[in-house]
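S.K.: Dumping the structure here so I can ask a few things about it.
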Amino acid sequence: MSNFVTRFAPSPTGLLHAGNYRTAVFAYLFARHSGGSFILRIEDTDSARSKPEYESNIKEALAWLNLAADQQYRQSEHKIRYRELLEKLVADDSAYISKETPKNPGDREEVIRFRNPGGAVSFTDIIRGNITMDVSDLGDFVIARSFDEAVFHFAVVVDDADENVTHVIRGEDHISNTPRQILIQRALGFTTPMYAHLPLILGSDRTKLSKRTGAKALTEYRDLGFLPEAMLNYLSFLGWNPGDDREYLSQKELIEAFDLSRVQKGSAIFDETKLLSVNQHWMRQLSDEKFLACLDFVNPSSDDGFTKSLNSEILKKAVPLLKERAKTFQEAQDMLSNELSCLFNEPALDPNKLIAKELNDCPNMTKTALEGLSGAIEALPNDLSAEIVKNALMPLADAEEEKGKGGRGAMLWPLRYALSGQDRSPDPFTLISILGKEETISRIRKAIAILS
RNA sequence: GGCCCUAUCGUCUAACGGUUAGGACGCCGGCUUUUCAAGCCGAUAAUCGGAGUCCGACUCUCCGUAGGGCUACCA
C-alpha cells in the first residue's frame, strides 16, 4: 500500500478516443501497482459543452476496460469550494476582477484574472526530467468567468489539492499548462504534486489523435467486437513495455509490471493492424463457451440474438474455425453469414464450378469420384473428426493422383465445392466433420444429380 | 511567430558507454495445402544530420533539421 493518489480527468464534451483512454490506463496501472488510489474526475466546468451522454459514455468505456475508480465526482459539484477560494485570492489580491470587452459570443464583461508574478517556473517531470518555462508572457490569465464559473486551470489545482492527488498523470499536451497551475498552487498555499506527462498518441497522419482526423471513439471498438483485455493490452504497450519479451499481458500482469520509469518520451502512432492481431490473440485464449457468448454480445450492453437463428450443435463445432480466422467478433459474425454459411444452409451449386478446372471436358470422372467418396464416407463411424475423415479419404485422392489426371484436386475440389458451394471455404475434411455423415452424403448426392 | 517536448526497422519497441543493434505486428518468400484461413520456417528492414567528450557512443554535450504540443472567458 502507498498513499499515492492519481486521477483520470476527462471532459465530457465529446466521445473520447483511444489516446484519451491510454492516459486512464497508465494512471490506473500506476495506482494499482503502487497500492494507491485512482479517482475519476469529470471535468464539466464548461457547462455549455458538457453533455450527460458523453459522461455516461466515459463511464461505459472505463467499465468495459475494467478500470474501476475508487472515487468519482464532477467538478460542477465543487462550485462552492471554487467560489470560496476564488474569493480568497481576490481578497488577498492574488487575483482581481477585470473589466473586459467581449470578443466572442458568451464572453463576460467581467472575469477573474490571476495576478501573474512572472519569472521562471520549473518543475520535475517523472518522464522528462526538469522543465523550466518563463511564465511572464502568459500575462494575467483568466481563472474564472465569474465566482461560480471557475475555469479549467483553477478547478484542476483545487481538486488535485483537495483530493490529495500525489501524481498527475496526463498527456504531454498539458506540459505548457503546468507552470500556470503551479502559480495558482503557490497562491493558494498548496503543495505541487508530481507530474508525469505522457507522450501523445498520434493518428496515421502523425498528429494528435482526434475525431476530426478520423479517430474512433473507444466504444466503437467495443461495438466492433474487440475484447477489452486486448484493448487494455494494446493501449498499455503504446509508450510503455514491461522490459522483457512478453507481448501479451493480462490486466493482473500489467499491474504487476507497470512502472512509470519505463514510459517512452516520444509519441506513438495508433496502429489498428497491430490492435487486430492482439485482439485475435485474446480471442483465441477464450474458452469455446465464452467465445460463443461473446458472439451474441458484440456490444456487451445488449444481446444481438445473433446466434439464435443458427443450429447450436453446428455452431459449437464451428468455434475452432472462427478462432483461427476471425480477428474481431464482428468479423466472426460476418463469416458465419458468409463464407461459413454453408455449415448451416445447403448451398446452391453451379455445375460449372463443381468440376475441377483440369477436368472440365469430362464430367463423368467427377461423377465417379464423388460416388467413390460418398461410398467411403458411408462406411465411416458416426462420430467424426476432421482427422478421421482425412485418413479415410486421402488414400482415394492419392489414388487419383497416381492416375495423373488432375491429381488430388480432381477429387478434393469437387468434394469441397459440393459441400460448400463456395470458391473459398474450410477444407473438406473439416466441413464433413462438422456437417456430419448424413448431411454430407445428401449434399454429394445433389451434386451428382446436377452433373447428370 | 513565441515558448515547450520529442527523434532506433513501415509501425510498437529493446539495448540505461563495449551486442553481428534484439523482439513483436505488418510486408515479402518458402513449406504445408484442391481453395481460403491457420500453422511452421526464412528474408528484407532502423540508430535524422553535423560537431564534440571518451580507449570506445543508439546511449553524454552542443548546433542544426524534422515532427509534435501549447499559445481561449476549451479541457
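If you're wondering about the labels, chains in the C-alpha cells are A, B, ... by order shown, residues count from 1 in each chain, ligands from 1 in order shown.
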Hey, list the chain B side of the contact with chain A: 6 Å cut-off, only C-alpha atoms (C1' of nucleotides), answer as a PyMOL selection string.
M.R.: chain B and resi 6+25+34-38+69-70+73
S.K.: Find the spatial neighbours of C9 (chain B), counting only C-alpha atoms (C1' of nucleotides), within a cut-off of 10 Å - ignore same-chain residues fewer than 3 positions away - and output them as a list in words.
M.R.: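 Counting only C-alpha atoms (C1' of nucleotides), the residues come to U44, A45, A46 and U47 of chain B.
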S.K.: Can you write out the residues you just picked, keeping N, CA and C atoms (P, O5', C5', C4', C3', O3' and C1' of nucleotides), as a JSON list (two decimals), in the first residue's frame?
M.R.:
[["chain", "number", "residue", "atom", "x", "y", "z"],
["B", 44, "U", "P", 18.20, -10.63, -44.75],
["B", 44, "U", "O5'", 17.30, -9.44, -45.31],
["B", 44, "U", "C5'", 17.20, -9.21, -46.72],
["B", 44, "U", "C4'", 16.17, -8.14, -46.98],
["B", 44, "U", "C3'", 16.32, -6.91, -46.10],
["B", 44, "U", "O3'", 17.32, -6.04, -46.61],
["B", 44, "U", "C1'", 14.04, -7.57, -46.16],
["B", 45, "A", "P", 18.35, -5.40, -45.59],
["B", 45, "A", "O5'", 17.43, -4.36, -44.80],
["B", 45, "A", "C5'", 16.66, -3.41, -45.51],
["B", 45, "A", "C4'", 15.64, -2.82, -44.58],
["B", 45, "A", "C3'", 16.23, -2.32, -43.27],
["B", 45, "A", "O3'", 16.82, -1.05, -43.43],
["B", 45, "A", "C1'", 14.25, -3.54, -42.86],
["B", 46, "A", "P", 18.22, -0.73, -42.74],
["B", 46, "A", "O5'", 17.78, 0.18, -41.53],
["B", 46, "A", "C5'", 17.06, 1.40, -41.77],
["B", 46, "A", "C4'", 16.76, 2.04, -40.45],
["B", 46, "A", "C3'", 17.98, 2.42, -39.63],
["B", 46, "A", "O3'", 18.45, 3.70, -40.01],
["B", 46, "A", "C1'", 16.43, 1.27, -38.26],
["B", 47, "U", "P", 20.04, 3.93, -40.11],
["B", 47, "U", "O5'", 20.54, 3.94, -38.58],
["B", 47, "U", "C5'", 20.69, 5.17, -37.90],
["B", 47, "U", "C4'", 19.71, 5.24, -36.76],
["B", 47, "U", "C3'", 19.95, 6.41, -35.83],
["B", 47, "U", "O3'", 18.66, 6.93, -35.48],
["B", 47, "U", "C1'", 20.06, 4.39, -34.61]]
S.K.: How many Å lie between CA of Leu29 (chain A) and CA of Pro228 (chain A), rounded to one decimal?
M.R.: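 Interatomic distance here is 15.0 Å.
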S.K.: Which value, in Å to one decimal, gives the distance between CA of Met231 (chain A) and CA of Ala215 (chain A)?
M.R.: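 The value is 14.8 Å.
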S.K.: Which value, in Å to one decimal, gives the distance between CA of Glu55 (chain A) and CA of Ile184 (chain A)?
M.R.: 27.4 Å
S.K.: Calculated over only C-alpha atoms (C1' of nucleotides), which of the candidates B:U71, B:A15, B:C41, B:A21 has the smallest distance to C3 (chain B)?
M.R.: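 Of the candidates, the smallest distance to C3 (chain B) is held by B:U71.
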S.K.: So which bits of region 188-361 of chain A end up strand (DSSP E) when you DSSP the backbone, as an NGL selection string?
M.R.: :A and (194-198 or 201-202 or 268-269)
S.K.: Neighbours of Ile388 (chain A) within 12 Å (only C-alpha atoms (C1' of nucleotides); same-chain residues fewer than 2 positions away dropped), as a list in words?
M.R.: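 The filter keeps Ala376, Ile377, Ala379, Leu380, Pro381, Asn382, Asp383, Leu384, Ser385, Ala386, Lys390, Asn391, Ala392, Leu393, Met394, Phe429, Thr430, Ile432 and Ser433 of chain A.
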S.K.: Would you pick out the contacts of region 343-348 of chain A at 8 Å or less, using only C-alpha atoms (C1' of nucleotides), so that residues sharing its chain but fewer than 6 positions from it are not included, and give the list as a PDB file with C-alpha atoms, in the first residue's frame?
M.R.:
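Result saved to around_33.pdb:
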ATOM      1  CA  LEU A 310     -28.183 -20.831 -36.066  1.00  0.00           C
ATOM      2  CA  ASN A 311     -28.056 -24.545 -35.327  1.00  0.00           C
ATOM      3  CA  ILE A 314     -23.026 -26.919 -35.600  1.00  0.00           C
ATOM      4  CA  LEU A 419     -20.293 -29.287 -49.634  1.00  0.00           C
ATOM      5  CA  SER A 420     -19.682 -25.548 -49.569  1.00  0.00           C
ATOM      6  CA  GLY A 421     -20.844 -24.154 -52.888  1.00  0.00           C
ATOM      7  CA  LEU A 431     -16.561 -29.488 -43.362  1.00  0.00           C
ATOM      8  CA  ILE A 434     -18.982 -30.527 -38.819  1.00  0.00           C
ATOM      9  CA  LEU A 435     -21.827 -31.351 -41.209  1.00  0.00           C
ATOM     10  CA  ARG A 443     -25.116 -32.835 -50.447  1.00  0.00           C
TER      11      ARG A 443
END
S.K.: Identify all residues of region 13-244 of chain A in helix (DSSP H, G or I) (DSSP on the backbone) and supply them as a PyMOL selection string.
M.R.: chain A and resi 18-34+52-65+75-91+136-138+152-162+172-188+211-213+218-223+228-236
S.K.: Out of A:Gln333, A:Asn279, A:Thr440, A:Thr219, which residue has the shortest atom-to-atom distance to Glu60 (chain A) when counting only C-alpha atoms?
M.R.: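 Of the candidates, the smallest distance to Glu60 (chain A) is held by A:Thr219.
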S.K.: With a distance cut-off of 12 Å and only C-alpha atoms (C1' of nucleotides), select the neighbouring residues of G18 (chain B), excluding the residue or stretch itself and same-chain residues fewer than 3 positions from it, and output the selection as a ChimeraX atom specification.
M.R.: /B:15,55-57,59
